[in-house]
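Chemist: Next up, run_16.pdb (PDB, C-alpha atoms (C1' of nucleotides)).
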```
MODEL        1
ATOM      1  CA  MET A 269     -36.516  36.229  -9.001
ATOM      2  CA  THR A 270     -34.237  35.310 -11.810
ATOM      3  CA  THR A 271     -32.219  32.824  -9.816
ATOM      4  CA  ALA A 272     -34.063  29.850  -8.511
ATOM      5  CA  PRO A 273     -33.246  28.745  -4.976
ATOM      6  CA  PRO A 274     -30.513  26.086  -5.059
ATOM      7  CA  SER A 275     -32.857  23.205  -4.552
ATOM      8  CA  PRO A 276     -30.948  19.979  -3.990
ATOM      9  CA  ARG A 277     -33.941  18.158  -5.311
ATOM     10  CA  VAL A 278     -32.068  16.896  -8.308
ATOM     11  CA  LEU A 279     -29.245  14.453  -7.811
ATOM     12  CA  PRO A 280     -26.001  14.238  -9.783
ATOM     13  CA  HIS A 281     -25.462  11.097 -11.821
ATOM     14  CA  PRO A 282     -22.492  10.083 -13.938
ATOM     15  CA  ALA A 283     -23.192   9.983 -17.668
ATOM     16  CA  ARG A 284     -23.023   6.577 -19.287
ATOM     17  CA  ASP A 285     -19.502   7.048 -20.583
ATOM     18  CA  GLU A 286     -18.325   8.291 -17.205
ATOM     19  CA  ILE A 287     -19.129   5.024 -15.481
ATOM     20  CA  ARG A 288     -15.915   3.270 -14.448
ATOM     21  CA  LEU A 289     -15.579  -0.470 -14.062
ATOM     22  CA  GLU A 290     -13.491  -0.112 -10.907
ATOM     23  CA  SER A 291     -16.158   2.049  -9.307
ATOM     24  CA  VAL A 292     -18.907  -0.408 -10.170
ATOM     25  CA  LEU A 293     -16.931  -3.316  -8.749
ATOM     26  CA  HIS A 294     -16.085  -1.354  -5.648
ATOM     27  CA  ALA A 295     -19.728  -0.440  -5.191
ATOM     28  CA  LEU A 296     -20.805  -4.057  -5.460
ATOM     29  CA  SER A 297     -18.048  -5.406  -3.218
ATOM     30  CA  ASP A 298     -20.105  -4.403  -0.199
ATOM     31  CA  PRO A 299     -22.671  -7.035   0.815
ATOM     32  CA  VAL A 300     -25.274  -4.451   1.758
ATOM     33  CA  ARG A 301     -25.017  -2.744  -1.608
ATOM     34  CA  MET A 302     -25.012  -6.008  -3.520
ATOM     35  CA  ARG A 303     -28.179  -6.925  -1.684
ATOM     36  CA  ILE A 304     -29.811  -3.661  -2.640
ATOM     37  CA  VAL A 305     -28.951  -4.240  -6.274
ATOM     38  CA  SER A 306     -30.223  -7.809  -6.155
ATOM     39  CA  GLU A 307     -33.570  -6.739  -4.761
ATOM     40  CA  LEU A 308     -33.771  -3.956  -7.301
ATOM     41  CA  ALA A 309     -33.132  -6.385 -10.124
ATOM     42  CA  GLU A 310     -35.786  -8.762  -8.866
ATOM     43  CA  ALA A 311     -38.343  -5.991  -8.545
ATOM     44  CA  GLU A 312     -37.673  -4.826 -12.110
ATOM     45  CA  ALA A 313     -38.979  -1.430 -11.081
ATOM     46  CA  ALA A 314     -37.915   1.587  -9.120
ATOM     47  CA  LEU A 315     -38.262   1.237  -5.366
ATOM     48  CA  SER A 316     -38.181   3.810  -2.629
ATOM     49  CA  CYS A 317     -35.369   3.645  -0.095
ATOM     50  CA  SER A 318     -37.744   2.690   2.699
ATOM     51  CA  ARG A 319     -38.774  -0.488   0.875
ATOM     52  CA  PHE A 320     -35.496  -2.109   1.865
ATOM     53  CA  ASP A 321     -35.035  -3.842   5.170
ATOM     54  CA  LEU A 322     -31.317  -3.455   5.716
ATOM     55  CA  PRO A 323     -29.264  -4.312   8.797
ATOM     56  CA  VAL A 324     -27.912  -0.771   9.123
ATOM     57  CA  THR A 325     -29.224   2.578  10.251
ATOM     58  CA  LYS A 326     -30.816   5.084   7.951
ATOM     59  CA  SER A 327     -27.706   7.236   7.811
ATOM     60  CA  THR A 328     -25.714   4.305   6.554
ATOM     61  CA  THR A 329     -28.446   3.381   4.115
ATOM     62  CA  THR A 330     -28.294   6.846   2.621
ATOM     63  CA  HIS A 331     -24.540   6.461   2.287
ATOM     64  CA  HIS A 332     -24.850   3.138   0.440
ATOM     65  CA  PHE A 333     -27.446   4.463  -1.973
ATOM     66  CA  ARG A 334     -25.231   7.405  -2.732
ATOM     67  CA  VAL A 335     -22.258   5.166  -3.491
ATOM     68  CA  LEU A 336     -24.428   3.154  -5.860
ATOM     69  CA  ARG A 337     -25.683   6.283  -7.580
ATOM     70  CA  GLU A 338     -22.273   7.941  -7.897
ATOM     71  CA  SER A 339     -20.780   4.783  -9.346
ATOM     72  CA  GLY A 340     -23.538   4.675 -11.959
ATOM     73  CA  VAL A 341     -25.197   1.484 -10.819
ATOM     74  CA  ILE A 342     -28.527   3.016  -9.884
ATOM     75  CA  GLN A 343     -30.560   6.066 -10.746
ATOM     76  CA  GLN A 344     -32.274   8.135  -8.082
ATOM     77  CA  VAL A 345     -35.196  10.486  -8.538
ATOM     78  CA  TYR A 346     -37.235  12.335  -5.980
ATOM     79  CA  GLU A 347     -40.947  11.691  -6.028
ATOM     80  CA  GLY A 348     -42.560  13.725  -3.329
ATOM     81  CA  THR A 349     -40.935  12.790  -0.053
ATOM     82  CA  ALA A 350     -39.772   9.449  -1.379
ATOM     83  CA  LYS A 351     -36.668   8.831  -3.415
ATOM     84  CA  MET A 352     -37.124   6.220  -6.080
ATOM     85  CA  ASN A 353     -34.218   3.958  -6.985
ATOM     86  CA  GLY A 354     -33.858   2.198 -10.301
ATOM     87  CA  LEU A 355     -31.169  -0.024 -11.738
ATOM     88  CA  ARG A 356     -29.332   1.489 -14.733
ATOM     89  CA  ARG A 357     -29.535  -1.756 -16.603
ATOM     90  CA  GLU A 358     -29.375  -0.332 -20.107
ATOM     91  CA  ASP A 359     -26.277   1.710 -19.429
ATOM     92  CA  LEU A 360     -24.512  -1.116 -17.665
ATOM     93  CA  ASP A 361     -25.397  -3.653 -20.348
ATOM     94  CA  ALA A 362     -24.157  -1.287 -23.024
ATOM     95  CA  LEU A 363     -20.861  -0.661 -21.298
ATOM     96  CA  PHE A 364     -20.214  -4.098 -19.834
ATOM     97  CA  PRO A 365     -22.154  -6.731 -21.784
ATOM     98  CA  GLY A 366     -23.233  -9.660 -19.661
ATOM     99  CA  LEU A 367     -21.591  -8.354 -16.532
ATOM    100  CA  LEU A 368     -24.690  -7.396 -14.608
ATOM    101  CA  ASP A 369     -26.426 -10.695 -15.233
ATOM    102  CA  ALA A 370     -23.295 -12.636 -14.296
ATOM    103  CA  LEU A 371     -23.023 -10.632 -11.102
ATOM    104  CA  LEU A 372     -26.667 -11.168 -10.188
ATOM    105  CA  THR A 373     -26.368 -14.876 -10.851
ATOM    106  CA  ALA A 374     -23.199 -15.010  -8.791
ATOM    107  CA  ALA A 375     -24.869 -13.194  -5.930
ATOM    108  CA  ARG A 376     -27.811 -15.600  -5.996
ATOM    109  CA  GLY A 377     -25.421 -18.544  -5.950
ATOM    110  CA  GLN A 378     -23.454 -17.106  -3.100
ATOM    111  CA  ALA A 379     -26.612 -16.449  -1.101
ATOM    112  CA  ALA A 380     -27.830 -19.998  -1.730
ATOM    113  CA  ARG A 381     -24.528 -21.430  -0.561
ATOM    114  CA  ASP A 382     -24.571 -19.242   2.531
ATOM    115  CA  GLY A 383     -28.134 -20.073   3.426
ATOM    116  CA  ALA A 384     -27.603 -23.799   3.070
TER     117      ALA A 384
ATOM    118  CA  MET B   2      13.548 -34.650  13.611
ATOM    119  CA  THR B   3       9.909 -35.476  13.469
ATOM    120  CA  THR B   4       8.758 -31.921  12.939
ATOM    121  CA  ALA B   5       9.758 -30.316   9.703
ATOM    122  CA  PRO B   6      11.056 -26.749   9.872
ATOM    123  CA  PRO B   7       8.190 -24.305   9.343
ATOM    124  CA  SER B   8       9.036 -23.523   5.762
ATOM    125  CA  PRO B   9       6.909 -20.652   4.467
ATOM    126  CA  ARG B  10       7.505 -22.026   1.026
ATOM    127  CA  VAL B  11       3.923 -23.081   0.640
ATOM    128  CA  LEU B  12       1.253 -20.411   0.498
ATOM    129  CA  PRO B  13      -2.250 -20.570   1.955
ATOM    130  CA  HIS B  14      -5.114 -20.483  -0.520
ATOM    131  CA  PRO B  15      -8.835 -20.496   0.132
ATOM    132  CA  ALA B  16     -10.609 -23.676  -0.934
ATOM    133  CA  ARG B  17     -13.066 -23.347  -3.770
ATOM    134  CA  ASP B  18     -16.097 -23.152  -1.528
ATOM    135  CA  GLU B  19     -14.414 -20.587   0.677
ATOM    136  CA  ILE B  20     -14.164 -18.056  -2.114
ATOM    137  CA  ARG B  21     -16.505 -15.119  -1.468
ATOM    138  CA  LEU B  22     -18.033 -12.997  -4.164
ATOM    139  CA  GLU B  23     -17.482  -9.810  -2.172
ATOM    140  CA  SER B  24     -13.800 -10.606  -1.786
ATOM    141  CA  VAL B  25     -13.389 -11.286  -5.481
ATOM    142  CA  LEU B  26     -15.118  -8.046  -6.414
ATOM    143  CA  HIS B  27     -13.108  -6.125  -3.889
ATOM    144  CA  ALA B  28      -9.895  -7.653  -5.218
ATOM    145  CA  LEU B  29     -10.775  -6.661  -8.762
ATOM    146  CA  SER B  30     -11.920  -3.153  -7.872
ATOM    147  CA  ASP B  31      -8.294  -2.033  -7.812
ATOM    148  CA  PRO B  32      -6.960  -1.076 -11.268
ATOM    149  CA  VAL B  33      -3.536  -2.572 -10.603
ATOM    150  CA  ARG B  34      -5.000  -5.904  -9.631
ATOM    151  CA  MET B  35      -7.473  -5.936 -12.501
ATOM    152  CA  ARG B  36      -4.563  -5.325 -14.826
ATOM    153  CA  ILE B  37      -2.657  -8.250 -13.346
ATOM    154  CA  VAL B  38      -5.640 -10.513 -13.854
ATOM    155  CA  SER B  39      -6.143  -9.307 -17.416
ATOM    156  CA  GLU B  40      -2.543 -10.040 -18.332
ATOM    157  CA  LEU B  41      -2.761 -13.402 -16.642
ATOM    158  CA  ALA B  42      -5.866 -14.273 -18.620
ATOM    159  CA  GLU B  43      -4.252 -13.263 -21.888
ATOM    160  CA  ALA B  44      -1.151 -15.303 -21.159
ATOM    161  CA  GLU B  45      -3.260 -18.391 -20.399
ATOM    162  CA  ALA B  46      -0.366 -19.679 -18.319
ATOM    163  CA  ALA B  47       1.291 -19.067 -14.995
ATOM    164  CA  LEU B  48       3.597 -16.067 -14.914
ATOM    165  CA  SER B  49       6.238 -15.035 -12.432
ATOM    166  CA  CYS B  50       5.666 -11.830 -10.503
ATOM    167  CA  SER B  51       8.583 -10.134 -12.231
ATOM    168  CA  ARG B  52       6.917 -10.520 -15.617
ATOM    169  CA  PHE B  53       4.584  -7.681 -14.812
ATOM    170  CA  ASP B  54       5.499  -4.081 -15.380
ATOM    171  CA  LEU B  55       3.411  -2.333 -12.782
ATOM    172  CA  PRO B  56       3.466   1.319 -11.771
ATOM    173  CA  VAL B  57       4.164   0.502  -8.120
ATOM    174  CA  THR B  58       7.114  -0.660  -6.070
ATOM    175  CA  LYS B  59       7.929  -4.269  -5.345
ATOM    176  CA  SER B  60       6.508  -4.105  -1.855
ATOM    177  CA  THR B  61       3.190  -2.956  -3.191
ATOM    178  CA  THR B  62       3.274  -5.579  -5.914
ATOM    179  CA  THR B  63       3.683  -8.292  -3.302
ATOM    180  CA  HIS B  64       0.720  -6.849  -1.455
ATOM    181  CA  HIS B  65      -1.514  -6.897  -4.537
ATOM    182  CA  PHE B  66      -0.599 -10.463  -5.406
ATOM    183  CA  ARG B  67      -1.393 -11.512  -1.881
ATOM    184  CA  VAL B  68      -4.819  -9.890  -2.006
ATOM    185  CA  LEU B  69      -5.541 -11.721  -5.251
ATOM    186  CA  ARG B  70      -4.406 -15.027  -3.785
ATOM    187  CA  GLU B  71      -6.301 -14.641  -0.508
ATOM    188  CA  SER B  72      -9.476 -13.744  -2.345
ATOM    189  CA  GLY B  73      -9.144 -16.893  -4.460
ATOM    190  CA  VAL B  74      -8.616 -15.205  -7.805
ATOM    191  CA  ILE B  75      -5.114 -16.508  -8.424
ATOM    192  CA  GLN B  76      -2.968 -19.423  -7.350
ATOM    193  CA  GLN B  77       0.649 -18.940  -6.337
ATOM    194  CA  VAL B  78       3.370 -21.589  -6.293
ATOM    195  CA  TYR B  79       7.072 -21.233  -5.669
ATOM    196  CA  GLU B  80       9.343 -22.462  -8.411
ATOM    197  CA  GLY B  81      12.925 -21.871  -7.373
ATOM    198  CA  THR B  82      13.332 -18.190  -6.660
ATOM    199  CA  ALA B  83      10.385 -17.265  -8.780
ATOM    200  CA  LYS B  84       6.751 -17.355  -7.719
ATOM    201  CA  MET B  85       4.417 -18.463 -10.441
ATOM    202  CA  ASN B  86       0.949 -16.953 -10.622
ATOM    203  CA  GLY B  87      -1.984 -18.631 -12.296
ATOM    204  CA  LEU B  88      -5.619 -17.669 -12.671
ATOM    205  CA  ARG B  89      -8.028 -19.987 -10.842
ATOM    206  CA  ARG B  90     -10.319 -20.066 -13.821
ATOM    207  CA  GLU B  91     -11.930 -23.441 -13.130
ATOM    208  CA  ASP B  92     -12.840 -22.579  -9.579
ATOM    209  CA  LEU B  93     -14.194 -19.179 -10.505
ATOM    210  CA  ASP B  94     -16.186 -20.525 -13.444
ATOM    211  CA  ALA B  95     -17.670 -23.223 -11.241
ATOM    212  CA  LEU B  96     -18.694 -20.792  -8.527
ATOM    213  CA  PHE B  97     -19.703 -17.817 -10.667
ATOM    214  CA  PRO B  98     -20.556 -18.941 -14.188
ATOM    215  CA  GLY B  99     -19.740 -16.386 -16.819
ATOM    216  CA  LEU B 100     -18.516 -13.816 -14.346
ATOM    217  CA  LEU B 101     -14.821 -13.983 -15.123
ATOM    218  CA  ASP B 102     -15.316 -13.679 -18.852
ATOM    219  CA  ALA B 103     -17.729 -10.800 -18.411
ATOM    220  CA  LEU B 104     -15.218  -9.054 -16.165
ATOM    221  CA  LEU B 105     -12.358  -9.563 -18.604
ATOM    222  CA  THR B 106     -14.473  -8.286 -21.466
ATOM    223  CA  ALA B 107     -15.527  -5.297 -19.401
ATOM    224  CA  ALA B 108     -11.912  -4.540 -18.514
ATOM    225  CA  ARG B 109     -10.894  -4.689 -22.170
ATOM    226  CA  GLY B 110     -13.728  -2.363 -23.104
ATOM    227  CA  GLN B 111     -12.832   0.065 -20.363
ATOM    228  CA  ALA B 112      -9.179   0.060 -21.400
ATOM    229  CA  ALA B 113     -10.141   0.672 -25.013
ATOM    230  CA  ARG B 114     -12.344   3.597 -24.015
ATOM    231  CA  ASP B 115      -9.592   5.033 -21.847
ATOM    232  CA  GLY B 116      -6.926   4.688 -24.490
ATOM    233  CA  ALA B 117      -9.039   6.295 -27.179
TER     234      ALA B 117
ATOM    235  C1'  DC C  61     -50.601  25.764  10.037
ATOM    236  C1'  DC C  62     -48.581  22.084  12.343
ATOM    237  C1'  DC C  63     -47.041  17.449  12.465
ATOM    238  C1'  DG C  64     -45.304  13.176  10.761
ATOM    239  C1'  DT C  65     -42.651  10.786   7.407
ATOM    240  C1'  DA C  66     -38.675  10.358   4.325
ATOM    241  C1'  DC C  67     -34.412  11.353   3.651
ATOM    242  C1'  DT C  68     -29.986  14.370   4.253
ATOM    243  C1'  DA C  69     -26.007  16.682   6.290
ATOM    244  C1'  DC C  70     -22.446  16.840   9.441
ATOM    245  C1'  DG C  71     -19.218  15.264  12.601
ATOM    246  C1'  DA C  72     -16.943  11.424  15.044
ATOM    247  C1'  DT C  73     -14.763   7.087  15.141
ATOM    248  C1'  DG C  74     -12.466   2.864  14.392
ATOM    249  C1'  DT C  75     -10.911   0.019  10.790
ATOM    250  C1'  DC C  76      -9.024  -1.038   6.462
ATOM    251  C1'  DT C  77      -5.951  -0.233   2.589
ATOM    252  C1'  DA C  78      -2.596   1.379  -0.842
ATOM    253  C1'  DT C  79       1.675   3.006  -0.825
ATOM    254  C1'  DC C  80       6.433   3.357   0.317
ATOM    255  C1'  DG C  81      11.363   2.354   2.216
ATOM    256  C1'  DT C  82      14.452  -0.536   4.286
ATOM    257  C1'  DA C  83      16.106  -4.650   5.791
ATOM    258  C1'  DC C  84      15.951  -9.549   5.363
ATOM    259  C1'  DG C  85      15.614 -14.814   3.585
ATOM    260  C1'  DA C  86      15.915 -18.209  -0.228
ATOM    261  C1'  DG C  87      17.588 -20.097  -4.089
ATOM    262  C1'  DC C  88      20.845 -20.030  -8.285
ATOM    263  C1'  DC C  89      25.434 -19.189 -10.601
ATOM    264  C1'  DG C  90      30.131 -18.218 -11.238
TER     265       DG C  90
ATOM    266  C1'  DC D 219      32.009 -19.130  -0.857
ATOM    267  C1'  DG D 220      30.198 -14.636  -2.565
ATOM    268  C1'  DG D 221      27.161 -12.218  -4.813
ATOM    269  C1'  DC D 222      22.892 -11.613  -7.497
ATOM    270  C1'  DT D 223      18.017 -11.727  -8.175
ATOM    271  C1'  DC D 224      13.439 -12.605  -6.590
ATOM    272  C1'  DG D 225      10.407 -11.979  -3.381
ATOM    273  C1'  DT D 226       8.956 -11.197   1.929
ATOM    274  C1'  DA D 227       8.413  -8.938   6.360
ATOM    275  C1'  DC D 228       7.853  -5.028   9.042
ATOM    276  C1'  DG D 229       6.894  -0.451  10.179
ATOM    277  C1'  DA D 230       5.080   3.985   8.844
ATOM    278  C1'  DT D 231       1.758   6.968   6.785
ATOM    279  C1'  DA D 232      -1.852   9.099   4.575
ATOM    280  C1'  DG D 233      -6.230   8.505   2.756
ATOM    281  C1'  DA D 234     -10.614   6.056   2.216
ATOM    282  C1'  DC D 235     -14.631   3.878   4.170
ATOM    283  C1'  DA D 236     -18.529   1.768   6.930
ATOM    284  C1'  DT D 237     -20.842   2.866  10.728
ATOM    285  C1'  DC D 238     -23.332   5.622  13.957
ATOM    286  C1'  DG D 239     -26.018   9.593  16.335
ATOM    287  C1'  DT D 240     -28.022  13.891  16.173
ATOM    288  C1'  DA D 241     -29.900  17.639  14.101
ATOM    289  C1'  DG D 242     -32.022  19.428  10.146
ATOM    290  C1'  DT D 243     -34.796  20.014   5.470
ATOM    291  C1'  DA D 244     -38.571  18.880   2.169
ATOM    292  C1'  DC D 245     -43.006  17.443   1.252
ATOM    293  C1'  DG D 246     -47.805  15.938   1.998
ATOM    294  C1'  DG D 247     -52.025  15.497   5.009
ATOM    295  C1'  DG D 248     -55.153  16.699   8.627
TER     296       DG D 248
ENDMDL
END
```
For the structure just supplied, provide its representation as structure tokens.

Modeler:
Amino acid sequence: MTTAPPSPRVLPHPARDEIRLESVLHALSDPVRMRIVSELAEAEAALSCSRFDLPVTKSTTTHHFRVLRESGVIQQVYEGTAKMNGLRREDLDALFPGLLDALLTAARGQAARDGA
Amino acid sequence: MTTAPPSPRVLPHPARDEIRLESVLHALSDPVRMRIVSELAEAEAALSCSRFDLPVTKSTTTHHFRVLRESGVIQQVYEGTAKMNGLRREDLDALFPGLLDALLTAARGQAARDGA
DNA sequence: CCCGTACTACGATGTCTATCGTACGAGCCG
DNA sequence: CGGCTCGTACGATAGACATCGTAGTACGGG
């Protein structure tokens, strides 16, 4: 065949210059998503969705990962049955210098205050 | 009388340690509110609500200022008929070091990219 | 070839939110 | 006092969103 079957195995990402600050802030204004990003930053590597122990169902987890991807915060690639998630640190640092680190630090501080 | 009349002339603000990162990010994920905060930061002083030329009605403006106040981003004080708005820079810097500056820089960059 | 695992798609739902218009309260000024 | 300006309150509305359950698709292993 000349036309390949429309495999949804590749996921749409915004290009670097399409990433909007409002969208990033909106994405990170949800505690579940901020937690995902924090864990991803600590791991410093791509993680599969199932590596996260989140207090929501799998449907909702899928939703949150999609919001993060569509806002340009993370990158998602299929790898067999798993979907690997990686932080788009280079793009974010280029667009918004210092923002990601400030956010991660802020999230750690907030978590410490909450836990104590 | 012993009980003063319930004057709504004083506005409730969250204490410093009640400010939540999620709320701040949510507040700033709206372009109108981010614009307010940017102008406030440039002014480096308290401004009355009417000093802003926003693309929404007065009702909506009141709403946005309230969201910013309740999230702890700004401080509001009545001064005659005017309501003065000031950035809570010290509180934010203490809670989330570097975050406010990174956000303001990011907003400037985004605006520059949009304008060009 | 069949099954299990990983993730998605779709539909439903209740809540939140941005927006508006209109009507009102509070302080200043002539 | 009378009016003006600044800002609020309230109600309405349309859209977004977080959450879930169920049913389905893709891939790898026995």

Chemist: Enumerate as a PyMOL selection string the residues belonging to chain B that approach chain D to within 8 Å, with all atoms listed in the file taken into account.

Modeler: chain B and resi 51+63+82-84

Chemist: What residues come out when you apply the PyMOL selection byres ((chain A) within 12 of (chain C)) to this file, written as a PyMOL selection string?

Modeler: chain A and resi 276-277+316-319+326-331+333-334+346-352

Chemist: Taking 2 positions as the minimum chain separation for residues in the same chain, which residues sit within 12 Å of Gly110 (chain B) when counting only C-alpha atoms (C1' of nucleotides)? Answer as a list in words.

Modeler: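 The residues that qualify are Asp285, Ile287, Arg288, Leu289, Ala362, Leu363, Phe364, Pro365 and Leu367 of chain A; Ser39, Ala103, Leu104, Leu105, Thr106, Ala107, Ala108, Ala112, Ala113, Arg114, Asp115, Gly116 and Ala117 of chain B.
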
Chemist: At what distance in Å, to one decimal, does CA of Ala295 (chain A) lie from CA of Met35 (chain B)?

Modeler: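 Separating CA of Met35 (chain B) from CA of Ala295 (chain A) is a distance of 15.3 Å.
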
Chemist: Quick one: 8 Å padding each side, axis-aligned, all listed atoms of region 63-73 of chain C - centre and edge lengths in Å to one decimal, as lines of an AutoDock Vina configuration file?

Modeler:
```
center_x = -30.9
center_y = 12.3
center_z = 9.4
size_x = 48.3
size_y = 26.4
size_z = 27.5
```

Chemist: Expand the PyMOL selection byres ((chain B and resi 37) around 10) into the individual residues it matches in the shown file, reporting them as a PyMOL selection string.

Modeler: chain B and resi 29+32-36+38-42+50+53-55+62+65-66+69+75+86+88

Chemist: Show me, as a ChimeraX atom specification, the residues that have an atom within 8 Å of Gly354 (chain A) when counting all atoms listed in the file, minus same-chain residues fewer than 5 positions from it.

Modeler: /A:308,313-315,342-344

Chemist: Using C-alpha atoms, can you export the residues from the last selection as a JSON list (two decimals), in the coordinates of the input?

Modeler:
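Saved file part-v2.json follows:
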```json
[["chain", "number", "residue", "atom", "x", "y", "z"],
["A", 308, "LEU", "CA", -33.77, -3.96, -7.30],
["A", 313, "ALA", "CA", -38.98, -1.43, -11.08],
["A", 314, "ALA", "CA", -37.92, 1.59, -9.12],
["A", 315, "LEU", "CA", -38.26, 1.24, -5.37],
["A", 342, "ILE", "CA", -28.53, 3.02, -9.88],
["A", 343, "GLN", "CA", -30.56, 6.07, -10.75],
["A", 344, "GLN", "CA", -32.27, 8.14, -8.08]]
```

Chemist: Looking at A:Asp369, A:Glu310, A:Glu338, A:Glu290, which one is nearest to chain B, with distances taken over only C-alpha atoms?

Modeler: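 The shortest atom-to-atom distance to chain B comes from A:Glu290.
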
Chemist: Between CA of Leu293 (chain A) and CA of Asp31 (chain B), what is the spacing in Å?

Modeler: 8.8 Å

Chemist: CA of Ala16 (chain B) and CA of Asp92 (chain B), how far apart in Å?

Modeler: 9.0 Å

Chemist: When distances are computed from all atoms listed in the file, which of A:Arg337, A:His281, A:His294, A:Arg356 shows the smallest separation from chain B?

Modeler: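 Smallest separation from chain B among the options: A:His294.
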
Chemist: Taking into account all atoms listed in the file, which residue in the set A:Val341, A:Val292, A:Ala311, A:Leu279 is nearest to chain B?

Modeler: A:Val292
